[in-house]
>>> print(open('target-v5.txt').read())   # compact mmCIF, C-alpha atoms and all ligand atoms
# COMPACT_ATOMS: atom_id res chain seq x y z
CA MET A 1 -35.41 -66.62 -133.18
CA ALA A 2 -32.76 -68.50 -135.10
CA ALA A 3 -34.07 -67.11 -138.35
CA SER A 4 -34.10 -63.55 -137.17
CA MET A 5 -30.58 -63.91 -135.80
CA ALA A 6 -29.31 -65.34 -139.02
CA SER A 7 -30.93 -62.66 -141.10
CA GLN A 8 -29.39 -60.12 -138.72
CA ALA A 9 -26.06 -61.78 -139.27
CA VAL A 10 -26.39 -62.00 -143.01
CA ALA A 11 -27.44 -58.41 -143.53
CA ARG A 12 -23.91 -57.25 -144.25
CA GLY A 13 -23.21 -53.78 -143.02
CA LEU A 14 -26.64 -53.50 -141.47
CA HIS A 15 -26.13 -55.08 -138.14
CA GLY A 16 -24.65 -54.54 -134.75
CA ALA A 17 -25.41 -56.05 -131.42
CA SER A 18 -27.37 -53.00 -130.34
CA ALA A 19 -29.22 -52.41 -133.59
CA LYS A 20 -32.88 -51.63 -133.24
CA TYR A 21 -35.35 -51.32 -136.04
CA LEU A 22 -37.43 -48.26 -136.38
CA PHE A 23 -40.59 -48.74 -138.37
CA LEU A 24 -41.40 -45.49 -140.07
CA ASP A 25 -44.16 -47.00 -142.16
CA LYS A 26 -45.02 -50.48 -143.18
CA PHE A 27 -42.79 -50.37 -146.24
CA LYS A 28 -39.76 -48.75 -144.82
CA CYS A 29 -37.57 -49.74 -141.94
CA ALA A 30 -34.56 -47.73 -140.87
CA ARG A 31 -31.86 -49.07 -138.64
CA VAL A 32 -31.11 -47.11 -135.55
CA SER A 33 -28.02 -48.15 -133.72
CA SER A 34 -26.46 -46.36 -130.83
CA ARG A 35 -23.02 -47.39 -132.09
CA ARG A 36 -21.30 -47.46 -135.45
CA TRP A 37 -19.27 -50.65 -135.53
CA LEU A 38 -16.05 -50.54 -137.50
CA ASN A 39 -16.14 -52.75 -140.59
CA LEU A 40 -13.17 -53.79 -142.68
CA GLN A 41 -12.88 -54.80 -146.30
CA GLU A 42 -12.80 -58.52 -147.08
CA TYR A 43 -9.06 -58.53 -147.80
CA GLN A 44 -8.30 -56.85 -144.47
CA SER A 45 -10.50 -59.31 -142.60
CA LYS A 46 -8.76 -62.17 -144.41
CA LYS A 47 -5.35 -60.89 -143.35
CA LEU A 48 -6.52 -61.07 -139.74
CA MET A 49 -7.87 -64.56 -140.38
CA GLN A 50 -4.57 -65.71 -141.87
CA GLU A 51 -2.78 -64.46 -138.77
CA SER A 52 -5.08 -66.62 -136.65
CA GLY A 53 -4.44 -69.75 -138.69
CA VAL A 54 -7.79 -69.68 -140.49
CA THR A 55 -7.66 -71.12 -144.03
CA VAL A 56 -8.18 -68.55 -146.76
CA GLN A 57 -7.05 -68.68 -150.38
CA ARG A 58 -3.86 -66.92 -151.55
CA PHE A 59 -4.51 -63.35 -152.66
CA TYR A 60 -3.13 -59.96 -153.64
CA VAL A 61 -4.78 -56.55 -153.58
CA ALA A 62 -4.68 -53.95 -156.37
CA ASP A 63 -5.99 -50.44 -156.89
CA ASN A 64 -5.28 -50.20 -160.63
CA PRO A 65 -5.77 -52.60 -163.59
CA PRO A 66 -2.04 -53.15 -164.42
CA ASP A 67 -1.36 -54.18 -160.81
CA ALA A 68 -4.39 -56.49 -160.89
CA LEU A 69 -3.02 -58.13 -164.05
CA GLN A 70 0.42 -58.50 -162.47
CA ALA A 71 -1.11 -60.05 -159.37
CA ALA A 72 -3.11 -62.54 -161.47
CA LYS A 73 0.06 -63.67 -163.24
CA ARG A 74 2.05 -63.86 -160.03
CA LEU A 75 -0.51 -66.14 -158.37
CA LYS A 76 0.22 -68.90 -160.90
CA ALA A 77 -3.14 -70.43 -160.05
CA LYS A 78 -5.25 -72.77 -162.19
CA GLU A 79 -8.12 -70.36 -161.80
CA ILE A 80 -8.32 -66.78 -160.56
CA VAL A 81 -11.12 -64.99 -158.74
CA LEU A 82 -11.34 -61.21 -159.00
CA LYS A 83 -13.40 -59.61 -156.24
CA ALA A 84 -14.50 -55.99 -155.92
CA GLN A 85 -13.84 -54.70 -152.41
CA ILE A 86 -16.73 -52.79 -150.90
CA LEU A 87 -18.20 -53.01 -147.42
CA ALA A 88 -21.52 -54.40 -148.66
CA GLY A 89 -22.23 -58.03 -149.44
CA GLY A 90 -24.15 -59.58 -152.31
CA ARG A 91 -21.30 -58.63 -154.66
CA GLY A 92 -21.53 -61.85 -156.62
CA LYS A 93 -24.96 -60.80 -157.92
CA GLY A 94 -24.18 -57.07 -158.10
CA VAL A 95 -23.97 -54.81 -161.17
CA PHE A 96 -21.44 -52.06 -162.01
CA ASN A 97 -22.33 -48.76 -163.65
CA SER A 98 -19.68 -49.71 -166.23
CA GLY A 99 -22.18 -52.34 -167.41
CA LEU A 100 -20.16 -55.23 -165.97
CA LYS A 101 -22.33 -57.79 -164.19
CA GLY A 102 -21.04 -59.43 -161.01
CA GLY A 103 -18.59 -58.10 -158.42
CA VAL A 104 -16.95 -61.55 -158.22
CA HIS A 105 -15.46 -63.00 -161.44
CA LEU A 106 -13.82 -66.34 -162.01
CA THR A 107 -11.42 -66.90 -164.90
CA LYS A 108 -8.83 -69.45 -165.98
CA ASP A 109 -7.05 -66.84 -168.12
CA PRO A 110 -4.97 -64.41 -166.02
CA SER A 111 -4.49 -62.10 -169.02
CA VAL A 112 -8.14 -60.93 -168.87
CA VAL A 113 -7.89 -59.81 -165.24
CA GLY A 114 -6.54 -56.34 -166.12
CA GLU A 115 -9.47 -55.62 -168.40
CA LEU A 116 -12.01 -57.00 -165.94
CA ALA A 117 -10.46 -54.87 -163.18
CA SER A 118 -10.71 -51.79 -165.43
CA LYS A 119 -14.50 -52.30 -165.49
CA MET A 120 -14.60 -52.50 -161.70
CA LEU A 121 -12.11 -49.92 -160.40
CA GLY A 122 -13.49 -46.39 -160.31
CA TYR A 123 -17.02 -47.65 -161.02
CA SER A 124 -19.94 -48.08 -158.63
CA LEU A 125 -21.16 -51.50 -157.70
CA THR A 126 -24.80 -51.86 -156.72
CA THR A 127 -25.86 -54.93 -154.73
CA LYS A 128 -28.95 -55.67 -152.68
CA GLN A 129 -27.07 -54.39 -149.64
CA THR A 130 -25.84 -51.04 -151.08
CA PRO A 131 -27.75 -47.81 -151.70
CA LYS A 132 -29.37 -47.64 -155.17
CA GLU A 133 -26.50 -45.60 -156.60
CA GLY A 134 -24.02 -48.25 -155.44
CA VAL A 135 -20.58 -47.88 -153.86
CA GLU A 136 -17.43 -46.90 -155.73
CA VAL A 137 -14.86 -49.68 -155.98
CA LYS A 138 -11.36 -48.49 -155.13
CA THR A 139 -9.69 -51.83 -154.54
CA VAL A 140 -9.93 -55.31 -155.99
CA MET A 141 -8.76 -58.56 -154.55
CA VAL A 142 -7.08 -61.00 -156.91
CA ALA A 143 -7.19 -64.46 -155.38
CA GLU A 144 -6.60 -68.06 -156.18
CA ALA A 145 -9.93 -69.64 -157.04
CA LEU A 146 -10.71 -73.09 -155.74
CA ASP A 147 -13.46 -75.45 -156.77
CA ILE A 148 -16.17 -75.41 -154.17
CA THR A 149 -18.16 -78.60 -153.74
CA ARG A 150 -20.39 -77.19 -150.99
CA GLU A 151 -21.03 -73.72 -149.56
CA THR A 152 -22.07 -73.34 -145.92
CA TYR A 153 -22.75 -70.28 -143.76
CA PHE A 154 -21.00 -69.65 -140.45
CA ALA A 155 -20.94 -66.65 -138.14
CA ILE A 156 -20.11 -65.77 -134.56
CA LEU A 157 -21.91 -62.73 -133.25
CA MET A 158 -22.83 -61.02 -130.03
CA ASP A 159 -26.42 -61.73 -129.17
CA ARG A 160 -28.09 -59.63 -126.54
CA ALA A 161 -30.73 -62.29 -125.85
CA CYS A 162 -27.96 -64.74 -124.86
CA ASN A 163 -25.84 -62.13 -123.08
CA GLY A 164 -22.82 -63.09 -125.14
CA PRO A 165 -21.46 -64.66 -128.28
CA VAL A 166 -23.43 -67.14 -130.32
CA MET A 167 -22.43 -69.31 -133.29
CA VAL A 168 -24.88 -69.39 -136.17
CA GLY A 169 -24.50 -71.76 -139.09
CA SER A 170 -26.34 -73.26 -142.01
CA PRO A 171 -25.44 -76.12 -144.36
CA GLN A 172 -26.96 -74.00 -147.14
CA GLY A 173 -24.60 -71.06 -147.34
CA GLY A 174 -23.60 -69.03 -150.33
CA MET A 175 -25.19 -66.07 -151.94
CA ASP A 176 -28.81 -66.61 -150.90
CA ILE A 177 -28.46 -67.11 -147.16
CA GLU A 178 -31.03 -64.39 -146.46
CA GLU A 179 -33.58 -66.52 -148.29
CA VAL A 180 -32.60 -69.65 -146.35
CA ALA A 181 -33.03 -67.76 -143.07
CA ASP A 182 -36.41 -66.55 -144.27
CA LYS A 183 -37.86 -69.67 -145.88
CA SER A 184 -36.12 -72.57 -144.09
CA PRO A 185 -35.34 -71.43 -140.55
CA GLU A 186 -34.91 -75.12 -139.56
CA LEU A 187 -31.67 -75.05 -141.57
CA ILE A 188 -30.18 -72.38 -139.32
CA PHE A 189 -28.31 -73.83 -136.32
CA LYS A 190 -27.27 -72.00 -133.22
CA GLU A 191 -24.79 -72.69 -130.41
CA VAL A 192 -24.58 -70.36 -127.44
CA ILE A 193 -20.97 -69.85 -126.33
CA ASP A 194 -20.15 -69.69 -122.63
CA ILE A 195 -17.94 -66.63 -122.38
CA PHE A 196 -15.81 -68.22 -119.61
CA GLU A 197 -15.43 -71.66 -121.22
CA GLY A 198 -15.14 -70.55 -124.84
CA VAL A 199 -16.17 -72.84 -127.69
CA ARG A 200 -16.11 -76.42 -126.38
CA ASP A 201 -14.82 -79.15 -128.66
CA ASP A 202 -18.19 -80.92 -128.67
CA GLN A 203 -19.92 -77.67 -129.66
CA ALA A 204 -17.50 -77.05 -132.52
CA LEU A 205 -17.93 -80.64 -133.74
CA ARG A 206 -21.72 -80.42 -133.47
CA MET A 207 -21.74 -77.21 -135.47
CA ALA A 208 -19.40 -78.75 -138.07
CA SER A 209 -21.73 -81.72 -138.38
CA ASN A 210 -24.81 -79.45 -138.60
CA LEU A 211 -23.03 -77.63 -141.41
CA GLY A 212 -22.87 -80.97 -143.18
CA PHE A 213 -19.12 -81.63 -142.98
CA LYS A 214 -18.47 -85.37 -143.05
CA GLY A 215 -15.59 -87.67 -142.14
CA PRO A 216 -12.22 -85.91 -141.67
CA LEU A 217 -13.79 -82.63 -142.87
CA GLU A 218 -15.84 -82.50 -139.68
CA ARG A 219 -12.70 -82.25 -137.51
CA GLN A 220 -11.15 -79.75 -139.93
CA ALA A 221 -14.26 -77.54 -139.89
CA ALA A 222 -14.43 -77.74 -136.07
CA ASP A 223 -10.79 -76.55 -135.90
CA GLN A 224 -11.59 -73.66 -138.23
CA ILE A 225 -14.56 -72.75 -136.03
CA MET A 226 -12.37 -72.71 -132.91
CA ARG A 227 -9.76 -70.56 -134.63
CA LEU A 228 -12.48 -68.18 -135.77
CA TYR A 229 -13.61 -67.87 -132.16
CA ASP A 230 -10.02 -67.16 -131.04
CA LEU A 231 -9.92 -64.41 -133.65
CA PHE A 232 -13.32 -63.11 -132.51
CA LEU A 233 -11.91 -62.67 -128.99
CA LYS A 234 -8.47 -61.45 -130.03
CA VAL A 235 -9.73 -58.54 -132.13
CA ASP A 236 -12.74 -57.62 -129.96
CA ALA A 237 -15.16 -58.45 -132.75
CA THR A 238 -18.90 -58.07 -132.50
CA GLN A 239 -19.25 -60.36 -135.47
CA VAL A 240 -17.19 -62.68 -137.63
CA GLU A 241 -19.13 -63.89 -140.65
CA VAL A 242 -17.94 -66.40 -143.25
CA ASN A 243 -20.23 -66.94 -146.21
CA PRO A 244 -19.33 -69.22 -147.81
CA LEU A 245 -17.35 -71.48 -145.54
CA GLY A 246 -16.79 -73.99 -148.30
CA GLU A 247 -15.31 -77.38 -148.92
CA THR A 248 -13.12 -78.20 -151.91
CA PRO A 249 -12.83 -81.48 -153.87
CA GLU A 250 -9.30 -81.78 -152.43
CA GLY A 251 -10.83 -82.10 -148.96
CA GLN A 252 -10.11 -78.63 -147.60
CA VAL A 253 -12.38 -76.40 -145.52
CA VAL A 254 -11.81 -72.80 -146.66
CA CYS A 255 -13.19 -69.39 -145.70
CA PHE A 256 -14.08 -67.93 -149.09
CA ASP A 257 -15.57 -64.67 -147.88
CA ALA A 258 -15.00 -62.71 -144.69
CA LYS A 259 -16.77 -60.01 -142.83
CA ILE A 260 -15.69 -58.83 -139.39
CA SER A 261 -17.25 -56.03 -137.34
CA PHE A 262 -15.45 -54.62 -134.33
CA ASP A 263 -16.48 -53.23 -130.98
CA ASP A 264 -15.79 -49.49 -131.01
CA ASN A 265 -15.34 -49.58 -127.23
CA ALA A 266 -12.19 -51.62 -127.79
CA GLU A 267 -10.52 -49.06 -130.05
CA PHE A 268 -8.02 -48.15 -127.32
CA ARG A 269 -6.52 -51.65 -127.39
CA GLN A 270 -7.05 -52.46 -131.06
CA ASN A 271 -5.09 -49.62 -132.59
CA ALA A 272 -3.76 -51.68 -135.49
CA VAL A 273 -7.25 -52.85 -136.46
CA PHE A 274 -8.84 -49.42 -136.19
CA ALA A 275 -5.99 -47.85 -138.18
CA MET A 276 -7.18 -49.97 -141.14
CA GLY A 277 -10.68 -48.46 -140.94
CA ASP A 278 -11.77 -46.53 -143.98
CA MET A 279 -14.58 -44.03 -143.51
CA SER A 280 -14.84 -43.19 -147.21
CA GLU A 281 -17.86 -45.47 -147.64
CA SER A 282 -19.65 -43.92 -144.69
CA ASP A 283 -22.17 -41.14 -144.97
CA PRO A 284 -20.14 -37.89 -144.48
CA THR A 285 -22.81 -36.39 -142.20
CA GLU A 286 -22.79 -39.51 -140.04
CA THR A 287 -19.00 -39.36 -139.86
CA GLU A 288 -19.07 -35.67 -138.89
CA ALA A 289 -21.77 -36.36 -136.28
CA ALA A 290 -19.71 -39.21 -134.81
CA LYS A 291 -16.81 -36.74 -134.32
CA TRP A 292 -19.05 -34.80 -131.96
CA ASP A 293 -20.35 -37.96 -130.29
CA LEU A 294 -23.81 -37.45 -131.77
CA LYS A 295 -25.85 -40.41 -132.95
CA TYR A 296 -27.07 -39.39 -136.37
CA ILE A 297 -28.66 -41.44 -139.11
CA GLY A 298 -29.84 -39.78 -142.31
CA LEU A 299 -33.36 -40.65 -143.52
CA ASP A 300 -35.30 -39.61 -146.64
CA GLY A 301 -37.75 -36.98 -145.36
CA ASN A 302 -37.66 -33.20 -144.90
CA ILE A 303 -38.36 -32.72 -141.17
CA ALA A 304 -35.20 -32.86 -139.08
CA CYS A 305 -35.43 -34.32 -135.57
CA PHE A 306 -33.38 -32.75 -132.82
CA VAL A 307 -33.84 -35.00 -129.83
CA ASN A 308 -32.07 -36.34 -126.74
CA GLY A 309 -32.39 -40.05 -126.05
CA ALA A 310 -32.66 -42.84 -128.62
CA GLY A 311 -36.14 -43.88 -127.50
CA LEU A 312 -37.44 -40.32 -127.71
CA ALA A 313 -35.79 -39.91 -131.11
CA MET A 314 -37.51 -43.07 -132.39
CA ALA A 315 -40.85 -41.97 -130.95
CA THR A 316 -40.40 -38.51 -132.53
CA CYS A 317 -39.68 -40.02 -135.95
CA ASP A 318 -42.75 -42.24 -135.57
CA ILE A 319 -44.96 -39.31 -134.53
CA ILE A 320 -43.85 -37.33 -137.58
CA ASP A 321 -44.63 -40.32 -139.75
CA LEU A 322 -47.97 -40.91 -138.04
CA HIS A 323 -49.02 -37.38 -138.94
CA GLY A 324 -48.10 -37.78 -142.58
CA GLY A 325 -44.64 -36.17 -142.42
CA LYS A 326 -41.29 -37.71 -143.21
CA PRO A 327 -38.31 -37.48 -140.84
CA ALA A 328 -35.09 -36.27 -142.48
CA ASN A 329 -32.92 -37.90 -139.87
CA PHE A 330 -32.61 -39.57 -136.51
CA LEU A 331 -30.47 -37.48 -134.18
CA ASP A 332 -29.83 -38.42 -130.59
CA LEU A 333 -27.88 -35.79 -128.65
CA GLY A 334 -27.54 -38.23 -125.77
CA GLY A 335 -27.14 -37.32 -122.13
CA GLY A 336 -24.38 -35.08 -120.82
CA VAL A 337 -24.45 -32.97 -123.97
CA LYS A 338 -22.57 -29.65 -124.10
CA GLU A 339 -23.45 -26.36 -125.89
CA LYS A 340 -20.79 -26.99 -128.52
CA GLN A 341 -22.39 -30.33 -129.46
CA VAL A 342 -25.84 -28.72 -129.60
CA TYR A 343 -24.35 -26.09 -131.92
CA GLU A 344 -22.66 -28.71 -134.13
CA ALA A 345 -25.86 -30.76 -134.26
CA PHE A 346 -27.81 -27.73 -135.43
CA LYS A 347 -25.13 -26.94 -137.98
CA LEU A 348 -25.38 -30.49 -139.37
CA LEU A 349 -29.16 -30.40 -139.62
CA THR A 350 -29.36 -26.98 -141.26
CA ALA A 351 -26.62 -27.88 -143.76
CA ASP A 352 -28.80 -30.69 -145.13
CA PRO A 353 -30.58 -29.32 -148.24
CA LYS A 354 -33.48 -31.76 -147.70
CA VAL A 355 -34.32 -30.20 -144.34
CA GLU A 356 -37.22 -27.74 -144.45
CA ALA A 357 -38.11 -27.73 -140.75
CA ILE A 358 -36.50 -28.83 -137.50
CA LEU A 359 -38.55 -30.39 -134.74
CA VAL A 360 -36.81 -29.85 -131.41
CA ASN A 361 -38.08 -32.37 -128.88
CA ILE A 362 -35.90 -32.28 -125.78
CA PHE A 363 -36.50 -34.16 -122.54
CA GLY A 364 -35.64 -31.60 -119.88
CA GLY A 365 -35.13 -34.25 -117.21
CA ILE A 366 -31.63 -35.04 -118.47
CA VAL A 367 -30.46 -31.65 -119.71
CA ASN A 368 -31.01 -28.02 -118.89
CA CYS A 369 -33.12 -26.57 -121.69
CA GLY A 370 -33.46 -22.89 -120.80
CA ALA A 371 -31.35 -19.95 -121.89
CA SER A 372 -28.91 -18.56 -119.36
CA PRO A 373 -27.38 -15.07 -119.32
CA SER A 374 -23.89 -16.43 -119.79
CA GLN A 375 -23.27 -18.91 -122.54
CA LEU A 376 -20.37 -20.32 -120.60
CA ASP A 377 -22.73 -21.12 -117.79
CA CYS A 378 -23.51 -24.83 -117.66
CA ALA A 379 -27.21 -24.02 -117.22
CA GLY A 380 -29.38 -23.65 -120.31
CA ILE A 381 -27.39 -25.97 -122.52
CA ILE A 382 -29.95 -26.52 -125.26
CA ALA A 383 -31.15 -22.95 -125.76
CA ASN A 384 -27.63 -21.58 -125.45
CA GLY A 385 -26.29 -24.11 -127.92
CA ILE A 386 -29.00 -23.29 -130.43
CA SER A 387 -28.55 -19.56 -129.91
CA LEU A 388 -24.82 -19.98 -130.59
CA TYR A 389 -25.88 -21.13 -134.01
CA THR A 390 -28.84 -18.84 -134.73
CA PRO A 391 -27.60 -15.92 -136.81
CA GLY A 392 -30.24 -13.53 -135.33
CA PRO A 393 -30.16 -11.78 -131.91
CA GLN A 394 -29.06 -13.90 -129.00
CA LEU A 395 -31.82 -15.35 -126.86
CA ALA A 396 -32.79 -13.29 -123.86
CA PRO A 397 -32.52 -15.14 -120.59
CA LEU A 398 -35.76 -16.85 -119.60
CA PRO A 399 -37.69 -15.11 -116.83
CA THR A 400 -37.54 -16.81 -113.47
CA ILE A 401 -40.71 -18.12 -111.84
CA SER A 402 -40.77 -15.21 -109.39
CA GLU A 403 -40.40 -12.71 -112.24
CA LEU A 404 -43.33 -14.40 -114.01
CA ALA A 405 -45.41 -14.30 -110.85
CA LEU A 406 -44.54 -10.62 -110.38
CA ALA A 407 -45.53 -9.84 -113.97
CA GLN A 408 -48.90 -11.58 -113.47
CA SER A 409 -49.64 -9.75 -110.26
CA VAL A 410 -49.07 -6.31 -111.84
P1 LIG B 501 -20.56 -61.82 -151.83
O1 LIG B 501 -20.98 -62.50 -150.56
O2 LIG B 501 -20.34 -60.36 -151.64
O3 LIG B 501 -21.48 -62.12 -153.00
P2 LIG B 501 -18.41 -63.81 -152.01
O4 LIG B 501 -17.01 -63.58 -151.63
O5 LIG B 501 -19.20 -64.67 -151.08
O6 LIG B 501 -19.12 -62.38 -152.24
O7 LIG B 501 -18.43 -64.45 -153.46
C1 LIG B 501 -19.61 -64.84 -154.12
C2 LIG B 501 -19.48 -66.28 -154.60
O8 LIG B 501 -18.33 -66.39 -155.44
C3 LIG B 501 -19.27 -67.29 -153.49
O9 LIG B 501 -20.49 -67.71 -152.92
C4 LIG B 501 -18.54 -68.39 -154.22
O10 LIG B 501 -19.47 -69.21 -154.89
C5 LIG B 501 -17.72 -67.66 -155.26
N1 LIG B 501 -16.32 -67.48 -154.79
C6 LIG B 501 -15.85 -66.53 -153.96
N2 LIG B 501 -14.52 -66.70 -153.72
C7 LIG B 501 -14.14 -67.79 -154.42
C8 LIG B 501 -12.91 -68.50 -154.61
N3 LIG B 501 -11.78 -68.13 -154.02
N4 LIG B 501 -12.90 -69.58 -155.41
C9 LIG B 501 -14.01 -69.98 -156.04
N5 LIG B 501 -15.20 -69.37 -155.91
C10 LIG B 501 -15.29 -68.28 -155.13
MG MG B 502 -20.37 -64.01 -149.42
>>> encode(input="target-v5.txt", output="structure tokens", more="lines below")
Ligand code: ADP
Ligand code: MG
Amino acid sequence: MAASMASQAVARGLHGASAKYLFLDKFKCARVSSRRWLNLQEYQSKKLMQESGVTVQRFYVADNPPDALQAAKRLKAKEIVLKAQILAGGRGKGVFNSGLKGGVHLTKDPSVVGELASKMLGYSLTTKQTPKEGVEVKTVMVAEALDITRETYFAILMDRACNGPVMVGSPQGGMDIEEVADKSPELIFKEVIDIFEGVRDDQALRMASNLGFKGPLERQAADQIMRLYDLFLKVDATQVEVNPLGETPEGQVVCFDAKISFDDNAEFRQNAVFAMGDMSESDPTETEAAKWDLKYIGLDGNIACFVNGAGLAMATCDIIDLHGGKPANFLDLGGGVKEKQVYEAFKLLTADPKVEAILVNIFGGIVNCGASPSQLDCAGIIANGISLYTPGPQLAPLPTISELALAQSV
């Protein structure tokens, strides 16, 4: 349990409290989530952390090499760390298509930062959490580097099994936390948070001690943990992940990396946070689908699925797979769908060049499937929506049962 939670938490960009895993075949697993949680870049998450009194290193942000160089000089730090900003993790071990290795670079010479940034900005960075072709880097963070004597892992996330937030931590944080969760689950510690009480002092101290913080560092780490929980509540997060939460030789506990995901249901009261959201790293079809309140996830196959209900959509993808086909997508129209959404869904599916066939599998119990004489009529939502799209003749209204009976009796 602890291991699976930690690996859920460490899979940057691939988690959400309601994520389910859809096994299409034994080698491939696609995530199907009914919600698309907002994610922010590391520098944006760190700004929020700073505002909550969480310790992060000094930093500037730049979108061009001269600004990056300026920032490096302005920091007047003993050592500088230059970090590519993309929504995926694993940057430290990533590779750019400029040939540069590593999305996180340490240097004692600020004058090389401009050149390093010129090999990051405008290039794609591929990490084990990005698609193969990588993600284009548009921003870099230029920060004060600190010596790190120990790297730990800490996260707070919503856990359905516990009906609320849970703290997850490991004394062995850093870049290979997925491996720790996999191979040494006993090094992953968990504390269930009582939503009414919040993080108790003894819980924060126990977690700090499990993370291996000793002496005065234990109190300092516990304070950081409590501030991270305050932030978690304040911004309606579904997850706050810090990897590494490190200690320095000067005896400081510092959040060196930051990843926060937000509850989309809270958008109405988190305007400032959601205004920072950048959809440019999202799949354009998924973004378009979200506009119409459709749950769409692109997959690799050629058979599009047009389905209502997440369970039915998963089963439909599995059935296609079982019979040797490959689903091109997961599309859940949801309940309460209108003709316009049906039309937009069809438009999305047919615009995908991979799609060679569409399998329509609609559960009539939650939507009216048949055609109706008037397209404005609320009956016949699915057929009317599809016929709005179909370029050919409009669908004739379906015969009624009595008409069918009459036809048979003639
Ligand atoms: P990612 O998780 O995407 O690989 P991180 O921000 O965790 O990116 O950076 C990777 C590694 O780089 C960290 O585990 C840490 O060892 C080092 N690092 C990151 N920020 C700093 C910093 N400010 N000072 C010194 N080392 C750093
Ligand atoms: Mg990290």
>>> residues_near_point(input="target-v5.txt", point="(-3.6, -54.6, -165.5)", cutoff="12 Å", atoms="all atoms listed in the file", output="list in words")
Ala62, Asp63, Asn64, Pro65, Pro66, Asp67, Ala68, Leu69, Gln70, Ala71, Ala72, Lys73, Pro110, Ser111, Val112, Val113, Gly114, Glu115, Leu116, Ala117, Ser118, Lys119, Met120, Leu121, Val140 and Val142 of chain A
>>> residues_around(input="target-v5.txt", residues="A:Cys317", least_positions_apart="5", cutoff="10 Å", atoms="all atoms listed in the file", output="ChimeraX atom specification")
/A:22-24,299,303-305,307,311-312,322,325-331,359
>>> atom_distance(input="target-v5.txt", atom1="atom CA of A:Asp194", atom2="atom CA of A:Val254")
25.6 Å
>>> closest_atom_pairs(input="target-v5.txt", of="chain A", to="ligand MG 502 (chain B)", cutoff="9 Å", atoms="all atoms listed in the file", output="JSON lines")
{"residue": "A:Gly89", "atom": "CA", "partner": "B:MG502", "partner_atom": "MG", "distance": 6.3}
{"residue": "A:Gly90", "atom": "CA", "partner": "B:MG502", "partner_atom": "MG", "distance": 6.5}
{"residue": "A:Arg91", "atom": "CA", "partner": "B:MG502", "partner_atom": "MG", "distance": 7.6}
{"residue": "A:Gly92", "atom": "CA", "partner": "B:MG502", "partner_atom": "MG", "distance": 7.6}
{"residue": "A:Tyr153", "atom": "CA", "partner": "B:MG502", "partner_atom": "MG", "distance": 8.8}
{"residue": "A:Gly173", "atom": "CA", "partner": "B:MG502", "partner_atom": "MG", "distance": 8.5}
{"residue": "A:Gly174", "atom": "CA", "partner": "B:MG502", "partner_atom": "MG", "distance": 6.0}
{"residue": "A:Met175", "atom": "CA", "partner": "B:MG502", "partner_atom": "MG", "distance": 5.8}
{"residue": "A:Asp176", "atom": "CA", "partner": "B:MG502", "partner_atom": "MG", "distance": 9.0}
{"residue": "A:Ile177", "atom": "CA", "partner": "B:MG502", "partner_atom": "MG", "distance": 9.0}
{"residue": "A:Glu241", "atom": "CA", "partner": "B:MG502", "partner_atom": "MG", "distance": 8.9}
{"residue": "A:Val242", "atom": "CA", "partner": "B:MG502", "partner_atom": "MG", "distance": 7.0}
{"residue": "A:Asn243", "atom": "CA", "partner": "B:MG502", "partner_atom": "MG", "distance": 4.3}
{"residue": "A:Pro244", "atom": "CA", "partner": "B:MG502", "partner_atom": "MG", "distance": 5.6}
{"residue": "A:Leu245", "atom": "CA", "partner": "B:MG502", "partner_atom": "MG", "distance": 8.9}
{"residue": "A:Phe256", "atom": "CA", "partner": "B:MG502", "partner_atom": "MG", "distance": 7.4}
{"residue": "A:Asp257", "atom": "CA", "partner": "B:MG502", "partner_atom": "MG", "distance": 5.1}
{"residue": "A:Ala258", "atom": "CA", "partner": "B:MG502", "partner_atom": "MG", "distance": 7.3}
{"residue": "A:Lys259", "atom": "CA", "partner": "B:MG502", "partner_atom": "MG", "distance": 8.5}
>>> residues_around(input="target-v5.txt", residues="A:Gly103", least_positions_apart="6", cutoff="7 Å", atoms="all atoms listed in the file", output="PDB file with C-alpha atoms, in the coordinates of the input")
ATOM      1  CA  LYS A  83     -13.400 -59.610-156.240  1.00  0.00           C
ATOM      2  CA  ALA A  84     -14.500 -55.990-155.920  1.00  0.00           C
ATOM      3  CA  ARG A  91     -21.300 -58.630-154.660  1.00  0.00           C
ATOM      4  CA  GLY A  92     -21.530 -61.850-156.620  1.00  0.00           C
ATOM      5  CA  LYS A  93     -24.960 -60.800-157.920  1.00  0.00           C
ATOM      6  CA  GLY A  94     -24.180 -57.070-158.100  1.00  0.00           C
ATOM      7  CA  VAL A  95     -23.970 -54.810-161.170  1.00  0.00           C
TER       8      VAL A  95
END
>>> closest_residue(input="target-v5.txt", among="A:Gly198, A:Gly246, A:Gly164, A:Gly169", to="ligand LIG 501 (chain B)", atoms="all atoms listed in the file")
A:Gly246
>>> axis_aligned_box(input="target-v5.txt", around="ligand LIG 501 (chain B)", padding_each_side="5 Å", output="lines of an AutoDock Vina configuration file")
center_x = -16.6
center_y = -65.2
center_z = -153.3
size_x = 19.7
size_y = 19.6
size_z = 15.5
>>> atom_distance(input="target-v5.txt", atom1="atom CA of A:Ala143", atom2="atom CA of A:Arg227")
21.8 Å
>>> residues_around(input="target-v5.txt", residues="A:Met226", least_positions_apart="3", cutoff="7 Å", atoms="all atoms listed in the file", output="tab-separated table (two decimals) with C-alpha atoms, in the frame of the given file")
chain	number	residue	atom	x	y	z
A	199	VAL	CA	-16.17	-72.84	-127.69
A	204	ALA	CA	-17.50	-77.05	-132.52
A	222	ALA	CA	-14.43	-77.74	-136.07
A	223	ASP	CA	-10.79	-76.55	-135.90
A	229	TYR	CA	-13.61	-67.87	-132.16
A	230	ASP	CA	-10.02	-67.16	-131.04
